[in-house]
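Shown here: my_file-v2.cif, mmCIF, C-alpha atoms and all ligand atoms.
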```cif
data_protein
#
loop_
_atom_site.label_atom_id
_atom_site.label_comp_id
_atom_site.auth_asym_id
_atom_site.auth_seq_id
_atom_site.Cartn_x
_atom_site.Cartn_y
_atom_site.Cartn_z
CA MET A 1 63.83 -97.46 299.68
CA ASN A 2 60.91 -95.12 300.45
CA LYS A 3 60.14 -92.89 297.44
CA ASN A 4 60.51 -89.76 299.62
CA VAL A 5 64.16 -90.61 300.31
CA THR A 6 66.98 -89.60 297.94
CA ILE A 7 70.48 -90.95 298.55
CA PHE A 8 73.03 -89.14 296.40
CA ASP A 9 75.53 -90.97 294.24
CA HIS A 10 77.21 -88.02 292.51
CA PRO A 11 80.99 -88.55 292.27
CA LEU A 12 81.79 -85.03 293.55
CA ILE A 13 79.65 -85.55 296.63
CA LEU A 14 81.15 -88.98 297.31
CA HIS A 15 84.68 -87.64 296.88
CA LYS A 16 84.10 -84.72 299.24
CA LEU A 17 82.45 -87.04 301.78
CA SER A 18 85.49 -89.30 301.75
CA ILE A 19 87.67 -86.38 302.89
CA LEU A 20 85.08 -85.24 305.42
CA ARG A 21 84.99 -88.63 307.12
CA ASN A 22 88.77 -88.77 307.59
CA LYS A 23 89.67 -87.95 311.19
CA LYS A 24 92.83 -86.19 309.98
CA THR A 25 90.79 -83.52 308.12
CA SER A 26 91.19 -80.12 309.82
CA SER A 27 88.23 -78.03 311.06
CA LYS A 28 89.01 -75.49 308.34
CA ASP A 29 88.74 -78.09 305.57
CA PHE A 30 85.82 -79.80 307.28
CA ARG A 31 83.80 -76.56 307.30
CA ALA A 32 84.54 -75.88 303.64
CA LEU A 33 83.54 -79.42 302.63
CA VAL A 34 80.27 -79.36 304.59
CA SER A 35 79.36 -76.14 302.82
CA GLU A 36 80.33 -77.46 299.36
CA ILE A 37 78.36 -80.69 299.79
CA ALA A 38 75.33 -78.73 301.01
CA MET A 39 75.53 -76.60 297.87
CA LEU A 40 75.66 -79.65 295.59
CA MET A 41 72.71 -81.21 297.44
CA CYS A 42 70.73 -77.99 297.21
CA TYR A 43 71.16 -77.98 293.43
CA GLU A 44 69.42 -81.35 293.24
CA ALA A 45 66.85 -80.74 295.98
CA THR A 46 65.60 -77.59 294.23
CA ARG A 47 65.00 -79.44 290.95
CA ASP A 48 61.20 -79.35 291.22
CA LEU A 49 60.66 -75.82 292.55
CA PRO A 50 57.76 -74.19 290.69
CA LEU A 51 58.52 -71.73 287.88
CA GLU A 52 56.41 -69.01 286.31
CA ASP A 53 56.60 -67.10 283.03
CA VAL A 54 57.63 -63.44 283.10
CA GLU A 55 57.99 -60.91 280.28
CA ILE A 56 61.37 -59.21 280.00
CA GLU A 57 63.24 -57.28 277.38
CA THR A 58 66.68 -58.41 276.29
CA PRO A 59 68.88 -55.88 274.47
CA ILE A 60 67.42 -57.39 271.27
CA CYS A 61 63.68 -57.96 271.85
CA LYS A 62 60.87 -58.76 274.25
CA THR A 63 60.67 -62.36 275.40
CA THR A 64 59.07 -64.63 277.98
CA VAL A 65 61.40 -66.31 280.45
CA LYS A 66 60.99 -68.57 283.48
CA HIS A 67 61.78 -67.57 287.02
CA LEU A 68 61.04 -69.06 290.43
CA ALA A 69 57.40 -68.60 291.38
CA GLY A 70 56.29 -66.94 294.61
CA LYS A 71 58.45 -66.40 297.65
CA LYS A 72 61.68 -68.29 297.76
CA LEU A 73 63.03 -70.69 300.32
CA ALA A 74 63.59 -70.61 304.02
CA VAL A 75 66.62 -72.52 305.27
CA VAL A 76 66.41 -73.76 308.85
CA PRO A 77 69.62 -75.20 310.33
CA ILE A 78 69.40 -77.32 313.47
CA LEU A 79 71.99 -75.79 315.81
CA ARG A 80 74.81 -76.19 316.05
CA ALA A 81 76.03 -78.41 313.23
CA GLY A 82 73.31 -77.42 310.74
CA LEU A 83 74.89 -73.95 310.62
CA GLY A 84 77.71 -75.45 308.58
CA MET A 85 75.32 -76.16 305.70
CA VAL A 86 73.68 -72.72 305.48
CA ASP A 87 76.28 -70.82 303.43
CA GLY A 88 76.42 -73.51 300.75
CA ILE A 89 72.67 -73.26 300.27
CA LEU A 90 72.65 -69.45 300.36
CA SER A 91 75.33 -69.39 297.67
CA LEU A 92 72.72 -70.88 295.30
CA VAL A 93 69.59 -69.26 296.79
CA PRO A 94 70.83 -65.93 298.18
CA SER A 95 67.36 -64.53 298.83
CA ALA A 96 66.36 -67.37 301.16
CA ARG A 97 65.38 -66.42 304.71
CA VAL A 98 67.12 -68.23 307.54
CA GLY A 99 65.43 -69.57 310.69
CA HIS A 100 67.16 -71.36 313.56
CA ILE A 101 66.16 -74.28 315.74
CA GLY A 102 68.36 -75.07 318.74
CA LEU A 103 68.40 -78.72 319.80
CA TYR A 104 70.97 -80.98 321.37
CA ARG A 105 70.85 -84.67 322.18
CA ASN A 106 70.87 -85.67 325.81
CA GLU A 107 73.94 -87.91 325.80
CA GLU A 108 72.28 -90.60 327.96
CA THR A 109 68.72 -90.75 326.69
CA LEU A 110 69.66 -89.61 323.12
CA LYS A 111 66.41 -87.58 323.17
CA PRO A 112 66.50 -84.05 321.74
CA VAL A 113 66.41 -81.11 324.15
CA GLU A 114 65.04 -77.89 322.66
CA TYR A 115 66.59 -74.55 323.58
CA TYR A 116 65.81 -72.12 320.74
CA CYS A 117 63.39 -71.54 317.89
CA LYS A 118 63.25 -68.44 315.69
CA LEU A 119 61.62 -68.82 312.29
CA PRO A 120 60.86 -66.30 309.51
CA LYS A 121 57.48 -64.58 310.02
CA ASP A 122 56.31 -65.44 306.50
CA ILE A 123 57.36 -69.09 306.69
CA SER A 124 53.83 -70.18 305.73
CA ASP A 125 54.52 -68.73 302.23
CA ARG A 126 57.83 -70.53 301.82
CA ASP A 127 59.32 -73.90 300.95
CA VAL A 128 61.54 -74.87 303.88
CA PHE A 129 64.86 -76.71 303.77
CA VAL A 130 65.74 -78.05 307.23
CA VAL A 131 69.45 -78.87 307.38
CA ASP A 132 71.62 -80.89 309.75
CA PRO A 133 74.68 -82.95 308.75
CA MET A 134 73.66 -85.99 310.84
CA LEU A 135 70.47 -88.07 310.98
CA ALA A 136 71.31 -90.63 313.66
CA THR A 137 68.33 -91.82 315.76
CA GLY A 138 66.28 -89.20 313.91
CA GLY A 139 65.03 -87.63 317.15
CA SER A 140 66.42 -84.13 316.46
CA ALA A 141 65.16 -84.02 312.86
CA ILE A 142 61.71 -85.33 313.82
CA ASP A 143 61.38 -82.75 316.57
CA ALA A 144 62.63 -79.84 314.39
CA VAL A 145 60.29 -80.70 311.51
CA GLY A 146 57.42 -81.05 313.99
CA GLN A 147 58.08 -77.51 315.27
CA ILE A 148 58.16 -76.12 311.73
CA LYS A 149 54.94 -77.92 310.73
CA LEU A 150 53.11 -75.99 313.46
CA ARG A 151 53.71 -72.87 311.29
CA ASN A 152 52.22 -74.43 308.11
CA PRO A 153 54.97 -73.85 305.51
CA LYS A 154 54.25 -74.61 301.83
CA SER A 155 56.54 -77.64 301.96
CA ILE A 156 59.41 -79.07 304.00
CA ARG A 157 62.50 -80.95 302.85
CA PHE A 158 65.19 -82.31 305.13
CA LEU A 159 68.82 -82.35 303.94
CA CYS A 160 71.54 -84.26 305.80
CA LEU A 161 75.02 -85.40 304.90
CA ILE A 162 75.04 -88.78 306.62
CA ALA A 163 72.03 -90.85 307.67
CA ALA A 164 71.73 -94.07 309.65
CA PRO A 165 69.05 -96.59 308.58
CA GLU A 166 67.51 -96.20 312.06
CA GLY A 167 67.15 -92.44 311.52
CA ILE A 168 65.63 -92.81 308.06
CA GLU A 169 63.10 -95.32 309.33
CA ALA A 170 62.05 -93.19 312.30
CA PHE A 171 61.93 -89.97 310.27
CA THR A 172 59.89 -91.35 307.35
CA LYS A 173 57.45 -92.91 309.83
CA ALA A 174 57.02 -89.64 311.76
CA HIS A 175 56.93 -87.37 308.68
CA PRO A 176 55.92 -89.42 305.61
CA ASP A 177 55.04 -86.19 303.79
CA VAL A 178 58.58 -84.73 304.00
CA ASP A 179 61.20 -85.41 301.33
CA LEU A 180 64.52 -86.53 302.76
CA TYR A 181 67.84 -85.95 300.95
CA CYS A 182 70.97 -87.70 302.25
CA ALA A 183 74.48 -87.48 300.79
CA ALA A 184 75.20 -90.96 302.20
CA LEU A 185 73.42 -93.82 303.93
CA ASP A 186 75.70 -95.50 306.46
CA GLU A 187 75.62 -98.90 308.14
CA LYS A 188 74.11 -98.43 311.60
CA LEU A 189 74.35 -96.69 314.98
CA ASN A 190 76.78 -97.75 317.69
CA GLU A 191 75.77 -98.20 321.34
CA ASN A 192 76.29 -94.45 321.98
CA GLY A 193 74.03 -93.41 319.12
CA TYR A 194 76.90 -92.44 316.79
CA ILE A 195 76.73 -93.31 313.11
CA ILE A 196 79.08 -96.06 311.88
CA PRO A 197 81.33 -95.35 310.01
CA GLY A 198 80.02 -91.73 310.07
CA LEU A 199 82.32 -88.82 310.69
CA GLY A 200 82.21 -88.43 314.47
CA ASP A 201 80.54 -85.48 316.17
CA ALA A 202 79.66 -83.04 313.40
CA GLY A 203 79.29 -79.99 315.68
CA ASP A 204 82.64 -80.58 317.36
CA ARG A 205 84.38 -81.08 314.02
CA ILE A 206 82.87 -77.93 312.46
CA PHE A 207 83.56 -75.69 315.43
CA GLY A 208 86.74 -77.38 316.72
CA THR A 209 85.28 -77.88 320.19
CA LYS A 210 86.96 -81.19 320.96
C1 LIG B 301 73.98 -83.83 316.42
C2 LIG B 301 73.58 -83.58 314.99
C3 LIG B 301 72.08 -83.72 315.04
C4 LIG B 301 71.89 -84.79 316.08
C5 LIG B 301 71.57 -86.08 315.37
O1 LIG B 301 73.78 -82.72 317.20
O2 LIG B 301 74.04 -82.36 314.50
O3 LIG B 301 71.41 -82.52 315.42
O4 LIG B 301 73.13 -84.92 316.79
O5 LIG B 301 71.27 -87.08 316.27
P1 LIG B 301 69.82 -87.74 316.37
O6 LIG B 301 69.39 -88.05 314.97
O7 LIG B 301 70.06 -88.97 317.19
O8 LIG B 301 68.90 -86.78 317.06
P2 LIG B 301 74.18 -82.67 318.77
O9 LIG B 301 73.07 -83.21 319.60
O10 LIG B 301 75.51 -83.33 318.94
O11 LIG B 301 74.23 -81.13 319.09
P3 LIG B 301 75.30 -80.02 318.63
O12 LIG B 301 75.10 -79.81 317.14
O13 LIG B 301 74.90 -78.82 319.42
O14 LIG B 301 76.67 -80.53 318.93
N1 LIG B 302 75.51 -86.67 316.00
C1 LIG B 302 76.73 -86.53 315.42
O1 LIG B 302 77.27 -85.41 315.36
N2 LIG B 302 77.33 -87.62 314.94
C2 LIG B 302 76.77 -88.84 314.99
O2 LIG B 302 77.37 -89.82 314.50
C3 LIG B 302 75.49 -88.97 315.59
C4 LIG B 302 74.89 -87.86 316.07
#
```
Kindly transcribe the structure held in the file into structure tokens.
Ligand code: PRP
Ligand code: URA
Amino acid sequence: MNKNVTIFDHPLILHKLSILRNKKTSSKDFRALVSEIAMLMCYEATRDLPLEDVEIETPICKTTVKHLAGKKLAVVPILRAGLGMVDGILSLVPSARVGHIGLYRNEETLKPVEYYCKLPKDISDRDVFVVDPMLATGGSAIDAVGQIKLRNPKSIRFLCLIAAPEGIEAFTKAHPDVDLYCAALDEKLNENGYIIPGLGDAGDRIFGTK
């Protein structure tokens, strides 16, 4: 596996994924699980954020402590389904800014169609976490990261819940400089571009639109 790709094997993440995949799981539970898994992934994906020393005074004495250096993160969900991952990340990094990229897959060509892009003004000073539960053909993720790169952020990471091998291959080829974090690597895509076994249509399951 490419060194830029992390596939999680934490028991809590695997357990929560097993409930998420079940077609009997309600939208309410699905939403909560997407958020919880995103939070657990964020904990790991922030492991190497730079720290700096600062002087503070405890009630007892002066001391030097570590805190995050520079401006914090920007989280950029790919609409719609990426929205489900934002709260989990903000619960750990509450000062993060949030941008939005609107993309949907054309159901026949499977190519991404862009309809919205609003990113934080100071994104060039920030580390960016792009989030979307599904990396299927990789087209949406590749396009979103390409749009963000035009604004020169400090770094970009992509976090997804379920990836197909086809998506990982396409994404790492298009953006070899971007770290990719996946809660699970599934088997393959079906003839309609859905991940097998996957979890179905993430947007529809989060928002109850089907
Ligand atoms: C889903 C998913 C990704 C995309 C992945 O969104 O949330 O954005 O498909 O597929 P890809 O890797 O082949 O591009 P969808 O297009 O269904 O849009 P929606 O979130 O608005 O429902
Ligand atoms: N988008 C989804 O929501 N699910 C898939 O399996 C593939 C793309």
Discussion item. Would you pick out the contacts of A:Lys23 at 12 Å or less, using all atoms listed in the file, so that residues sharing its chain but fewer than 4 positions from it are not included, and give the list as a PyMOL selection string?
Written reply: chain A and resi 17-19+27+29-30+197-202+204-205
Response to the item:
Using all atoms listed in the file, the best pick from A:Leu103, A:Leu20, A:Leu180, A:Leu161 as closest to A:Met1 would be A:Leu180
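Neighbouring residues of ligand LIG 302 (chain B) at a cut-off of 9 Å, counting only C-alpha atoms and all ligand atoms, are Ala81, Arg105, Leu110, Pro133, Met134, Leu135, Ala136, Thr137, Gly138, Ile162, Ala163, Ala164, Leu189, Asn190, Asn192, Gly193, Tyr194, Ile195, Ile196, Pro197, Gly198, Leu199, Gly200, Asp201, Ala202, Gly203, Asp204 and Arg205 of chain A.
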Worksheet item: Which residues, written as a PyMOL selection string, have at least one atom at most 7 Å from A:Asp87, with all atoms listed in the file counted and residues fewer than 3 positions away on the same chain left out?
Response: chain A and resi 35+90-91
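Atom to atom, atom CA of A:Ser95 and atom CA of A:Phe8 stand 25.4 Å apart.
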Practice prompt. Rank nothing, just name the residue among A:Ile101, A:Val178, A:Cys61, A:Cys42 nearest to ligand LIG 301 (chain B), using all atoms listed in the file.
Written response: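 Ranked by minimum distance to ligand LIG 301 (chain B), first place goes to A:Ile101.
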Response to the item:
Separating atom CA of A:Tyr116 from atom CA of A:Met85, to the nearest tenth of an Å, is a gap of 18.2 Å
Response to the item:
Judged by only C-alpha atoms, the minimum distance to A:Phe207 among A:Arg31, A:Lys3, A:Lys66, A:Arg151 is found for A:Arg31
Worksheet item: Counting only C-alpha atoms and all ligand atoms, which of A:Leu92, A:Val130, A:Leu79, A:Leu119 gets nearest to ligand LIG 301 (chain B)?
Response: A:Leu79
Discussion item. Would you compute the distance between atom CA of A:Glu44 and atom CA of A:Ala141? Give it in Å to one decimal.
Written reply: 20.3 Å
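Among A:Val145, A:Leu33, A:Val128, A:Val75, the residue with the shortest atom-to-atom distance to ligand LIG 301 (chain B), counting only C-alpha atoms and all ligand atoms, is A:Val145.
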Calculate, to one decimal in Å, the centre and edge lengths of the box along x, y and z of the file that holds all listed atoms of stretch 154-164 of chain A with 8 Å of margin on each side, and present them as AutoDock Vina command-line options.
```
--center_x 64.6 --center_y -84.3 --center_z 305.7 --size_x 36.8 --size_y 35.5 --size_z 23.8
```
